[in-house]
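Below: coords.pdb (PDB, C-alpha atoms)
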```
ATOM      1  CA  MET P 122      20.762 138.669 167.517
ATOM      2  CA  SER P 123      21.263 135.787 165.090
ATOM      3  CA  ASN P 124      19.136 132.666 165.181
ATOM      4  CA  VAL P 125      19.739 129.331 163.519
ATOM      5  CA  VAL P 126      16.503 127.370 163.577
ATOM      6  CA  SER P 127      16.210 124.027 161.805
ATOM      7  CA  THR P 128      12.772 123.318 160.409
ATOM      8  CA  ASN P 129      13.560 119.614 160.762
ATOM      9  CA  ALA P 130      14.463 119.825 164.443
ATOM     10  CA  PRO P 131      12.304 117.643 166.709
ATOM     11  CA  ILE P 132       9.635 119.403 168.745
ATOM     12  CA  ARG P 133      10.784 120.004 172.307
ATOM     13  CA  HIS P 134       8.380 120.062 175.219
ATOM     14  CA  PHE P 135       8.869 121.061 178.872
ATOM     15  CA  LEU P 136       6.501 118.717 180.698
ATOM     16  CA  GLN P 137       8.788 118.017 183.644
ATOM     17  CA  PHE P 138      12.188 119.212 184.790
ATOM     18  CA  SER P 139      13.966 116.112 183.521
ATOM     19  CA  ASP P 140      12.937 116.877 179.922
ATOM     20  CA  PHE P 141      16.030 119.095 179.730
ATOM     21  CA  THR P 142      19.677 118.239 180.227
ATOM     22  CA  ARG P 143      21.795 119.993 182.832
ATOM     23  CA  GLU P 144      23.443 122.061 180.100
ATOM     24  CA  GLU P 145      20.075 123.120 178.637
ATOM     25  CA  LEU P 146      18.761 124.146 182.042
ATOM     26  CA  LEU P 147      21.879 126.214 182.726
ATOM     27  CA  TYR P 148      21.518 127.874 179.325
ATOM     28  CA  VAL P 149      17.874 128.824 180.034
ATOM     29  CA  LEU P 150      18.813 130.164 183.477
ATOM     30  CA  ASP P 151      21.637 132.242 182.031
ATOM     31  CA  ARG P 152      19.400 133.482 179.215
ATOM     32  CA  ALA P 153      16.812 134.522 181.806
ATOM     33  CA  ARG P 154      19.482 136.684 183.461
ATOM     34  CA  LEU P 155      20.116 138.533 180.202
ATOM     35  CA  ILE P 156      16.390 138.914 179.454
ATOM     36  CA  LYS P 157      15.682 140.215 182.957
ATOM     37  CA  ASP P 158      18.544 142.696 182.717
ATOM     38  CA  LYS P 159      17.150 144.091 179.478
ATOM     39  CA  PHE P 160      13.663 144.258 181.035
ATOM     40  CA  LYS P 161      14.975 146.282 183.977
ATOM     41  CA  ARG P 162      16.681 148.699 181.585
ATOM     42  CA  TYR P 163      13.501 149.076 179.489
ATOM     43  CA  GLU P 164      15.336 147.616 176.510
ATOM     44  CA  PRO P 165      12.998 145.763 174.112
ATOM     45  CA  HIS P 166      13.609 142.065 173.554
ATOM     46  CA  HIS P 167      11.263 140.950 170.769
ATOM     47  CA  SER P 168      12.777 137.584 169.886
ATOM     48  CA  LEU P 169       9.325 136.009 169.418
ATOM     49  CA  HIS P 170       7.819 138.713 167.237
ATOM     50  CA  ASP P 171       4.684 137.494 165.470
ATOM     51  CA  ARG P 172       4.582 134.220 167.444
ATOM     52  CA  THR P 173       1.426 133.181 169.299
ATOM     53  CA  LEU P 174       1.110 131.472 172.673
ATOM     54  CA  ALA P 175      -2.071 129.575 173.590
ATOM     55  CA  MET P 176      -2.652 129.299 177.342
ATOM     56  CA  VAL P 177      -5.017 126.497 178.379
ATOM     57  CA  PHE P 178      -6.276 126.654 181.964
ATOM     58  CA  GLU P 179      -8.125 123.763 183.551
ATOM     59  CA  LYS P 180      -6.960 124.966 186.988
ATOM     60  CA  ALA P 181      -7.265 128.521 188.266
ATOM     61  CA  SER P 182      -4.191 130.751 188.257
ATOM     62  CA  THR P 183      -2.849 134.205 189.066
ATOM     63  CA  ARG P 184       0.946 134.084 188.733
ATOM     64  CA  THR P 185       0.996 131.563 185.886
ATOM     65  CA  ARG P 186      -1.432 133.540 183.761
ATOM     66  CA  VAL P 187       0.103 136.961 184.375
ATOM     67  CA  SER P 188       3.705 135.788 183.929
ATOM     68  CA  PHE P 189       3.096 133.867 180.702
ATOM     69  CA  GLU P 190       0.778 136.462 179.193
ATOM     70  CA  ALA P 191       2.954 139.461 180.054
ATOM     71  CA  GLY P 192       6.064 137.528 179.071
ATOM     72  CA  MET P 193       4.847 136.637 175.591
ATOM     73  CA  TYR P 194       3.773 140.226 174.923
ATOM     74  CA  GLN P 195       7.185 141.456 176.105
ATOM     75  CA  LEU P 196       8.814 139.055 173.631
ATOM     76  CA  GLY P 197       6.804 140.669 170.833
ATOM     77  CA  GLY P 198       4.252 137.893 170.471
ATOM     78  CA  SER P 199       0.545 137.526 171.136
ATOM     79  CA  VAL P 200      -1.532 135.399 173.495
ATOM     80  CA  ILE P 201      -4.777 133.440 173.386
ATOM     81  CA  HIS P 202      -6.334 132.530 176.731
ATOM     82  CA  LEU P 203      -8.556 129.427 176.949
ATOM     83  CA  THR P 204     -10.388 127.808 179.850
ATOM     84  CA  THR P 205     -12.669 124.797 180.053
ATOM     85  CA  ASN P 206     -15.587 127.235 180.281
ATOM     86  CA  ASP P 207     -14.892 128.938 176.960
ATOM     87  CA  SER P 208     -13.543 126.042 174.881
ATOM     88  CA  GLN P 209     -14.674 122.629 173.710
ATOM     89  CA  LEU P 210     -12.567 121.048 176.480
ATOM     90  CA  GLY P 211     -15.442 121.928 178.779
ATOM     91  CA  ARG P 212     -17.804 120.049 176.489
ATOM     92  CA  SER P 213     -15.869 116.774 176.653
ATOM     93  CA  GLU P 214     -13.866 117.160 173.462
ATOM     94  CA  PRO P 215     -10.962 114.668 173.660
ATOM     95  CA  ILE P 216      -7.799 116.511 174.600
ATOM     96  CA  GLU P 217      -6.048 114.847 171.665
ATOM     97  CA  ASP P 218      -8.473 116.578 169.278
ATOM     98  CA  THR P 219      -7.950 119.933 170.975
ATOM     99  CA  ALA P 220      -4.192 119.466 170.613
ATOM    100  CA  ARG P 221      -4.454 118.614 166.923
ATOM    101  CA  VAL P 222      -6.494 121.750 166.202
ATOM    102  CA  VAL P 223      -4.923 124.348 168.514
ATOM    103  CA  SER P 224      -1.360 123.406 167.569
ATOM    104  CA  ARG P 225      -2.129 124.128 163.889
ATOM    105  CA  MET P 226      -3.049 127.711 164.788
ATOM    106  CA  VAL P 227      -0.420 128.794 167.341
ATOM    107  CA  ASP P 228       3.333 128.459 167.841
ATOM    108  CA  ILE P 229       3.521 127.261 171.442
ATOM    109  CA  VAL P 230       1.100 126.055 174.141
ATOM    110  CA  MET P 231       1.127 126.307 177.937
ATOM    111  CA  ILE P 232      -1.285 124.080 179.876
ATOM    112  CA  ARG P 233      -2.237 124.181 183.548
ATOM    113  CA  THR P 234      -4.212 121.038 184.281
ATOM    114  CA  PHE P 235      -4.738 118.060 186.569
ATOM    115  CA  GLU P 236      -3.084 114.704 185.770
ATOM    116  CA  GLN P 237       0.320 114.662 184.087
ATOM    117  CA  THR P 238      -1.015 112.034 181.683
ATOM    118  CA  ARG P 239      -3.515 114.582 180.374
ATOM    119  CA  LEU P 240      -0.676 116.964 179.574
ATOM    120  CA  GLU P 241       1.327 114.170 177.956
ATOM    121  CA  ARG P 242      -1.622 113.206 175.737
ATOM    122  CA  PHE P 243      -1.869 116.807 174.529
ATOM    123  CA  ALA P 244       1.860 116.998 173.830
ATOM    124  CA  GLU P 245       1.836 113.703 171.949
ATOM    125  CA  HIS P 246      -0.654 115.119 169.434
ATOM    126  CA  SER P 247       0.727 118.675 169.272
ATOM    127  CA  ARG P 248       2.646 120.111 166.336
ATOM    128  CA  VAL P 249       4.233 122.769 168.566
ATOM    129  CA  PRO P 250       6.098 122.867 171.903
ATOM    130  CA  VAL P 251       4.009 122.332 175.038
ATOM    131  CA  ILE P 252       4.878 123.718 178.492
ATOM    132  CA  ASN P 253       3.666 122.389 181.814
ATOM    133  CA  GLY P 254       2.147 125.345 183.681
ATOM    134  CA  LEU P 255       1.288 122.986 186.571
ATOM    135  CA  THR P 256      -0.039 119.451 186.983
ATOM    136  CA  ASN P 257      -0.811 117.352 190.027
ATOM    137  CA  GLU P 258       2.566 115.662 189.626
ATOM    138  CA  PHE P 259       5.009 118.430 188.621
ATOM    139  CA  HIS P 260       5.495 122.218 188.574
ATOM    140  CA  PRO P 261       8.696 122.724 186.541
ATOM    141  CA  CYS P 262       8.287 126.426 185.684
ATOM    142  CA  GLN P 263       8.063 127.327 189.367
ATOM    143  CA  ILE P 264      11.212 125.396 190.267
ATOM    144  CA  LEU P 265      13.012 127.008 187.334
ATOM    145  CA  ALA P 266      12.120 130.401 188.799
ATOM    146  CA  ASP P 267      13.130 129.320 192.302
ATOM    147  CA  ILE P 268      16.559 128.156 191.182
ATOM    148  CA  PHE P 269      17.069 131.333 189.173
ATOM    149  CA  THR P 270      16.183 133.346 192.287
ATOM    150  CA  PHE P 271      18.674 131.377 194.365
ATOM    151  CA  ILE P 272      21.417 131.935 191.787
ATOM    152  CA  GLU P 273      20.649 135.681 191.715
ATOM    153  CA  ASN P 274      21.063 135.915 195.466
ATOM    154  CA  ARG P 275      23.671 133.284 196.335
ATOM    155  CA  GLY P 276      25.358 132.053 193.149
ATOM    156  CA  SER P 277      25.441 128.468 191.914
ATOM    157  CA  ILE P 278      23.085 126.017 193.603
ATOM    158  CA  ALA P 279      25.431 123.094 192.920
ATOM    159  CA  GLY P 280      26.622 121.536 196.168
ATOM    160  CA  LYS P 281      24.043 123.409 198.259
ATOM    161  CA  THR P 282      21.226 121.967 200.411
ATOM    162  CA  VAL P 283      17.542 122.726 199.861
ATOM    163  CA  ALA P 284      15.070 121.870 202.654
ATOM    164  CA  TRP P 285      11.499 121.121 201.620
ATOM    165  CA  VAL P 286       9.108 121.328 204.583
ATOM    166  CA  GLY P 287       5.524 120.163 204.058
ATOM    167  CA  ASP P 288       3.442 118.110 201.665
ATOM    168  CA  ALA P 289       5.318 115.882 199.209
ATOM    169  CA  ASN P 290       3.426 117.431 196.320
ATOM    170  CA  ASN P 291       4.219 118.418 192.732
ATOM    171  CA  MET P 292       6.771 120.969 193.952
ATOM    172  CA  ALA P 293       8.667 118.424 196.061
ATOM    173  CA  TYR P 294       8.956 115.921 193.211
ATOM    174  CA  THR P 295      10.141 118.648 190.844
ATOM    175  CA  TRP P 296      12.747 119.756 193.381
ATOM    176  CA  LEU P 297      13.999 116.162 193.403
ATOM    177  CA  GLN P 298      14.396 116.133 189.620
ATOM    178  CA  ALA P 299      16.223 119.462 189.824
ATOM    179  CA  ALA P 300      18.577 118.170 192.532
ATOM    180  CA  GLU P 301      19.492 115.163 190.399
ATOM    181  CA  LEU P 302      20.209 117.334 187.353
ATOM    182  CA  LEU P 303      21.916 120.303 189.010
ATOM    183  CA  ASP P 304      23.918 118.478 191.683
ATOM    184  CA  PHE P 305      22.496 119.798 194.943
ATOM    185  CA  LYS P 306      21.049 117.999 197.955
ATOM    186  CA  LEU P 307      17.363 117.902 198.866
ATOM    187  CA  HIS P 308      16.112 117.443 202.434
ATOM    188  CA  VAL P 309      12.415 116.558 202.635
ATOM    189  CA  SER P 310      10.252 116.481 205.740
ATOM    190  CA  ALA P 311       6.540 115.649 205.628
ATOM    191  CA  PRO P 312       4.168 114.039 208.128
ATOM    192  CA  ALA P 313       3.291 110.364 207.882
ATOM    193  CA  GLY P 314       0.847 109.736 205.074
ATOM    194  CA  TYR P 315       2.085 112.723 203.062
ATOM    195  CA  ARG P 316       5.674 111.672 202.345
ATOM    196  CA  LEU P 317       7.395 110.988 199.035
ATOM    197  CA  GLU P 318       6.234 107.770 197.388
ATOM    198  CA  PRO P 319       9.058 105.228 196.985
ATOM    199  CA  VAL P 320       7.804 104.216 193.542
ATOM    200  CA  ARG P 321       8.117 107.821 192.340
ATOM    201  CA  ILE P 322      11.525 108.635 193.800
ATOM    202  CA  GLY P 323      13.051 105.520 192.277
ATOM    203  CA  SER P 324      16.759 105.113 192.906
ATOM    204  CA  ALA P 325      17.496 108.594 194.227
ATOM    205  CA  LYS P 326      20.967 108.629 195.774
ATOM    206  CA  PRO P 327      21.462 109.415 199.492
ATOM    207  CA  THR P 328      23.807 112.204 198.362
ATOM    208  CA  THR P 329      20.832 113.743 196.512
ATOM    209  CA  LEU P 330      17.831 113.004 198.744
ATOM    210  CA  GLN P 331      17.479 112.651 202.497
ATOM    211  CA  GLU P 332      14.120 112.390 204.279
ATOM    212  CA  PHE P 333      13.448 113.537 207.845
ATOM    213  CA  ALA P 334      10.598 112.884 210.241
ATOM    214  CA  ASP P 335      11.466 116.109 212.094
ATOM    215  CA  PRO P 336      11.234 119.281 209.968
ATOM    216  CA  HIS P 337      13.718 121.067 212.245
ATOM    217  CA  GLU P 338      16.350 118.457 211.408
ATOM    218  CA  ALA P 339      15.596 118.854 207.695
ATOM    219  CA  CYS P 340      16.397 122.566 207.956
ATOM    220  CA  GLN P 341      19.725 122.014 209.740
ATOM    221  CA  GLY P 342      22.443 123.689 207.655
ATOM    222  CA  ALA P 343      20.173 124.220 204.639
ATOM    223  CA  HIS P 344      20.974 127.050 202.241
ATOM    224  CA  LEU P 345      17.335 127.337 201.161
ATOM    225  CA  VAL P 346      14.170 126.509 203.103
ATOM    226  CA  THR P 347      11.010 126.277 201.054
ATOM    227  CA  THR P 348       7.416 125.152 201.469
ATOM    228  CA  ASP P 349       3.936 125.274 199.947
ATOM    229  CA  VAL P 350       0.323 125.250 201.068
ATOM    230  CA  TRP P 351      -0.777 122.207 203.011
ATOM    231  CA  THR P 352      -3.770 121.622 200.745
ATOM    232  CA  SER P 353      -3.132 121.837 197.007
ATOM    233  CA  MET P 354      -5.863 122.453 194.425
ATOM    234  CA  GLY P 355      -8.043 119.397 194.039
ATOM    235  CA  TYR P 356      -7.600 118.226 197.624
ATOM    236  CA  GLU P 357      -9.860 120.754 199.352
ATOM    237  CA  SER P 358     -12.014 118.010 200.899
ATOM    238  CA  GLU P 359      -8.967 116.980 202.968
ATOM    239  CA  ASN P 360      -8.363 120.484 204.330
ATOM    240  CA  GLU P 361      -9.240 119.913 208.000
ATOM    241  CA  GLU P 362      -7.480 116.554 208.114
ATOM    242  CA  ARG P 363      -4.374 118.125 206.632
ATOM    243  CA  ARG P 364      -4.418 121.041 209.084
ATOM    244  CA  LYS P 365      -4.107 118.575 211.940
ATOM    245  CA  ALA P 366      -1.471 116.408 210.250
ATOM    246  CA  PHE P 367       0.756 119.366 209.295
ATOM    247  CA  ALA P 368       0.477 121.334 212.537
ATOM    248  CA  ASP P 369       4.205 120.832 213.307
ATOM    249  CA  TRP P 370       5.301 121.636 209.745
ATOM    250  CA  CYS P 371       4.890 125.418 209.870
ATOM    251  CA  VAL P 372       8.151 127.083 208.849
ATOM    252  CA  ASP P 373       8.979 129.438 211.708
ATOM    253  CA  GLN P 374      11.951 131.416 212.954
ATOM    254  CA  ASP P 375      13.311 128.435 214.878
ATOM    255  CA  MET P 376      13.549 126.385 211.672
ATOM    256  CA  MET P 377      15.233 129.269 209.845
ATOM    257  CA  GLN P 378      17.765 129.671 212.660
ATOM    258  CA  ARG P 379      18.745 126.015 212.238
ATOM    259  CA  ALA P 380      19.489 126.658 208.562
ATOM    260  CA  ALA P 381      22.701 128.259 207.314
ATOM    261  CA  SER P 382      23.233 131.814 208.519
ATOM    262  CA  ASP P 383      22.636 133.178 205.000
ATOM    263  CA  ALA P 384      19.772 130.796 204.157
ATOM    264  CA  LEU P 385      16.924 132.024 201.974
ATOM    265  CA  PHE P 386      13.219 131.300 202.365
ATOM    266  CA  MET P 387      10.940 130.671 199.391
ATOM    267  CA  HIS P 388       7.243 129.935 198.863
ATOM    268  CA  CYS P 389       5.575 129.591 195.461
ATOM    269  CA  LEU P 390       2.461 131.438 196.728
ATOM    270  CA  PRO P 391      -0.334 131.929 197.555
ATOM    271  CA  ALA P 392       0.722 131.680 201.205
ATOM    272  CA  HIS P 393      -1.389 131.155 204.303
ATOM    273  CA  ARG P 394       0.359 133.009 207.103
ATOM    274  CA  GLY P 395       0.188 131.034 210.336
ATOM    275  CA  GLU P 396      -0.284 127.705 208.543
ATOM    276  CA  GLU P 397       2.647 126.511 206.407
ATOM    277  CA  VAL P 398       4.745 129.588 207.281
ATOM    278  CA  THR P 399       4.663 132.294 209.913
ATOM    279  CA  ALA P 400       4.192 135.912 208.884
ATOM    280  CA  GLU P 401       7.529 136.654 210.582
ATOM    281  CA  VAL P 402       9.377 134.374 208.149
ATOM    282  CA  LEU P 403       7.349 135.245 205.050
ATOM    283  CA  GLU P 404       7.894 138.967 205.563
ATOM    284  CA  GLY P 405      11.345 138.607 207.103
ATOM    285  CA  PRO P 406      14.810 139.505 205.761
ATOM    286  CA  GLN P 407      15.566 135.957 204.558
ATOM    287  CA  SER P 408      12.420 135.776 202.432
ATOM    288  CA  VAL P 409      12.753 136.280 198.671
ATOM    289  CA  VAL P 410       9.194 135.267 197.785
ATOM    290  CA  TRP P 411       8.402 138.454 195.848
ATOM    291  CA  ASP P 412      11.553 138.195 193.729
ATOM    292  CA  GLU P 413      10.716 134.519 193.273
ATOM    293  CA  ALA P 414       7.232 135.389 191.999
ATOM    294  CA  GLU P 415       8.557 138.023 189.582
ATOM    295  CA  ASN P 416      11.165 135.643 188.242
ATOM    296  CA  ARG P 417       8.484 133.371 186.816
ATOM    297  CA  LEU P 418       8.156 136.104 184.167
ATOM    298  CA  HIS P 419      11.809 136.088 183.172
ATOM    299  CA  VAL P 420      12.582 132.363 183.218
ATOM    300  CA  GLN P 421       9.438 131.596 181.229
ATOM    301  CA  LYS P 422      10.447 134.115 178.571
ATOM    302  CA  ALA P 423      13.803 132.362 178.308
ATOM    303  CA  LEU P 424      12.047 128.989 178.245
ATOM    304  CA  MET P 425       9.641 129.920 175.437
ATOM    305  CA  GLU P 426      12.474 131.436 173.430
ATOM    306  CA  PHE P 427      14.561 128.271 173.822
ATOM    307  CA  LEU P 428      11.708 125.941 172.846
ATOM    308  CA  LEU P 429      10.973 127.961 169.702
ATOM    309  CA  LEU P 430      14.431 129.174 168.652
ATOM    310  CA  GLY P 431      16.901 126.900 170.382
ATOM    311  CA  GLN P 432      20.104 128.452 171.716
ATOM    312  CA  VAL P 433      20.629 131.935 170.298
ATOM    313  CA  ASN P 434      23.644 134.226 170.221
TER     314      ASN P 434
END
```
Whole structure, structure tokens version:
Amino acid sequence: MSNVVSTNAPIRHFLQFSDFTREELLYVLDRARLIKDKFKRYEPHHSLHDRTLAMVFEKASTRTRVSFEAGMYQLGGSVIHLTTNDSQLGRSEPIEDTARVVSRMVDIVMIRTFEQTRLERFAEHSRVPVINGLTNEFHPCQILADIFTFIENRGSIAGKTVAWVGDANNMAYTWLQAAELLDFKLHVSAPAGYRLEPVRIGSAKPTTLQEFADPHEACQGAHLVTTDVWTSMGYESENEERRKAFADWCVDQDMMQRAASDALFMHCLPAHRGEEVTAEVLEGPQSVVWDEAENRLHVQKALMEFLLLGQVN
């Protein structure tokens, strides 16, 4: 493999889906296919030998930690794991100072935190690429994995319809960015009080975004039906209120039958069977949630490689 890396190239970050162009996203997705194929054949792929990833967790994680940590080791690099409990972030050190120091010691940083502005402040003062492992506003690595999973199973997502059923959270807004960049349509259905905010969706075209009061209508003809927990991290105090509001937004077999005959079901996990999705759907033949979870590993390897090396041959 030959790499051409310019030392004068600007630092690239992946803080939200729209940080990349359509062409760059398609490159990363295609690179993930190659990397996954080599992984399945037990063929080493050490493109980031001797590089170090720092993972900063201000929110708990299972899939994000395992996929990034295992992925960096599989690329030949090493990993440092930090939380607010074992770093100065937990002692009120300004995040800008943490960024200035950590980025002098590692090659790339992944952060899982609260407000997007906190992530942006870190990136602004970092000497190395920064990846959004999750914020309150966006979850770009998960959507990258979801789209890769769709492509694996059904081919190009361009021209298809994705139905989002449930809270208009960080996943929903990232799906909207993806739809705008990759030319597919997004149907969104959420109860009153939990819908997309007009100020955040901006001038989304009707050919890209359509909102539905009835989740069954949102699923009509969809090629992918996807959802998430009703109560995201940080909103636990609203749990009972949300249970009542979302009672009709549980993805069940009736919703899936309204979708296209070959529609897939996805969930970023963890899932609460009987709340946002029935066990029948989650464990059913249309569900690809376990492939979706595994694919975080492969797309994130491709993402880290691209941020550090650019496009490689």
Taking the file above as input, evaluate the PyMOL selection byres ((chain P and resi 283-288) around 7) and report the hits as a count of residues only.
-> 25
Let me know the residues the PyMOL selection byres ((chain P and resi 234) around 6) catches in the file above, as a ChimeraX atom specification.
-> /P:179-180,233,235,256
Selection: 10 Å around Gln137 in chain P, only C-alpha atoms, excl. self and same-chain fewer than 4 positions, as a compact mmCIF listing (two decimals) with C-alpha atoms, in the frame of the given file:
```txt
# COMPACT_ATOMS: atom_id res chain seq x y z
CA PHE P 141 16.03 119.10 179.73
CA GLN P 237 0.32 114.66 184.09
CA ILE P 252 4.88 123.72 178.49
CA ASN P 253 3.67 122.39 181.81
CA GLY P 254 2.15 125.34 183.68
CA LEU P 255 1.29 122.99 186.57
CA THR P 256 -0.04 119.45 186.98
CA GLU P 258 2.57 115.66 189.63
CA PHE P 259 5.01 118.43 188.62
CA HIS P 260 5.50 122.22 188.57
CA PRO P 261 8.70 122.72 186.54
CA CYS P 262 8.29 126.43 185.68
CA TYR P 294 8.96 115.92 193.21
CA THR P 295 10.14 118.65 190.84
CA GLN P 298 14.40 116.13 189.62
CA ALA P 299 16.22 119.46 189.82
```
Atom-to-atom span, CA of Leu265 in chain P and CA of Leu240 in chain P, Å | 18.7 Å
In terms of the shortest atom-to-atom distance over only C-alpha atoms, which of P:Gly276, P:Ile264, P:Asp228, P:Asn291 is closest to Asp151 in chain P?
-> P:Gly276
Extract, using all atoms listed in the file, all DNA, RNA and protein residues at most 12 Å from His393 in chain P, discarding same-chain residues fewer than 3 positions from it, and format them as JSON, numbers by chain.
-> {"P": [348, 349, 350, 351, 352, 353, 364, 371, 372, 388, 389, 390, 396, 397, 398, 399, 400, 402, 403]}
Please write as an MDAnalysis selection string the full residue list that the PyMOL selection byres ((chain P and resi 185) around 9) yields on this file.
-> chainID P and resid 182:184 186:190 233 254:255 262:263 417:418
Would you mind reading off the distance between CA of Asp383 in chain P and CA of Arg275 in chain P, one decimal, in Å?
->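 According to the coordinates, CA of Asp383 in chain P and CA of Arg275 in chain P are separated by 8.7 Å.
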Mind giving me the straight-line distance from CA of Ala368 in chain P to CA of Ala392 in chain P in Å, one decimal?
->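 The value is 15.3 Å.
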Local residues around (21.7, 125.2, 207.3), at most 7 Å away, using all atoms listed in the file, as an NGL selection string = :P and (340-344 or 379-382 or 384)
Got a sec to check which residues sit within 9 Å of (-6.3, 121.8, 172.9), counting all atoms listed in the file, and write them as a ChimeraX atom specification?
-> /P:175,177,203,208-210,214-224,230,232,243,247
Identify which of the residues P:Met425, P:Asn416, P:Gly355, P:Asp267 lies closest to Phe160 in chain P, counting only C-alpha atoms when measuring atom-to-atom distances.
->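 Closest residue, counting only C-alpha atoms: P:Asn416.
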So which one's closest to Pro165 in chain P, P:Tyr194, P:Phe138, P:Tyr356, P:Phe386? Using all atoms listed in the file, please.
->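 Nearest to Pro165 in chain P: P:Tyr194.
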Restricting to all atoms listed in the file, whichever of P:Glu273, P:Asp369, P:Asp171, P:Glu362 is closest to Glu413 in chain P is P:Glu273
Return the single residue from P:Ser213, P:Ile132, P:Arg172, P:Lys159 that is closest to Ile201 in chain P, with distances computed using all atoms listed in the file.
->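 Looking at the shortest contact to Ile201 in chain P, the residue is P:Arg172.
Shortest atom-to-atom contact with Val410 in chain P among P:Gly280, P:Thr270, P:Ser199, P:Leu302: P:Thr270, counting all atoms listed in the file.
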What's the 12 Å shell around Gly197 in chain P, counting only C-alpha atoms, without same-chain residues fewer than 2 positions away, as a short mmCIF file (atom, residue, chain, number, x, y, z; two decimals) with C-alpha atoms, in the frame of the given file?
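The file below, out_24.cif, is the result:
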```
data_model
loop_
_atom_site.label_atom_id
_atom_site.label_comp_id
_atom_site.auth_asym_id
_atom_site.auth_seq_id
_atom_site.Cartn_x
_atom_site.Cartn_y
_atom_site.Cartn_z
CA PRO P 165 13.00 145.76 174.11
CA HIS P 166 13.61 142.06 173.55
CA HIS P 167 11.26 140.95 170.77
CA SER P 168 12.78 137.58 169.89
CA LEU P 169 9.32 136.01 169.42
CA HIS P 170 7.82 138.71 167.24
CA ASP P 171 4.68 137.49 165.47
CA ARG P 172 4.58 134.22 167.44
CA THR P 173 1.43 133.18 169.30
CA LEU P 174 1.11 131.47 172.67
CA GLU P 190 0.78 136.46 179.19
CA ALA P 191 2.95 139.46 180.05
CA GLY P 192 6.06 137.53 179.07
CA MET P 193 4.85 136.64 175.59
CA TYR P 194 3.77 140.23 174.92
CA GLN P 195 7.18 141.46 176.10
CA SER P 199 0.55 137.53 171.14
CA VAL P 200 -1.53 135.40 173.50
CA LYS P 422 10.45 134.12 178.57
CA GLU P 426 12.47 131.44 173.43
#
```
Given the block above, output range 148-164 of chain P with C-alpha atoms as a CSV table (one decimal), in the first residue's frame.
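After the write, decode33.csv holds the following:
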```
chain,number,residue,atom,x,y,z
P,148,TYR,CA,-14.6,6.6,-0.2
P,149,VAL,CA,-14.7,5.8,3.5
P,150,LEU,CA,-17.6,3.4,3.0
P,151,ASP,CA,-15.8,1.6,0.2
P,152,ARG,CA,-12.6,1.5,2.2
P,153,ALA,CA,-14.5,0.0,5.1
P,154,ARG,CA,-15.6,-2.8,2.8
P,155,LEU,CA,-12.0,-3.6,1.9
P,156,ILE,CA,-10.9,-3.4,5.6
P,157,LYS,CA,-13.8,-5.7,6.7
P,158,ASP,CA,-13.0,-8.2,4.0
P,159,LYS,CA,-9.4,-8.4,5.1
P,160,PHE,CA,-10.5,-8.7,8.8
P,161,LYS,CA,-12.8,-11.7,7.9
P,162,ARG,CA,-9.9,-13.4,6.1
P,163,TYR,CA,-7.6,-12.8,9.1
P,164,GLU,CA,-5.3,-10.7,6.8
```
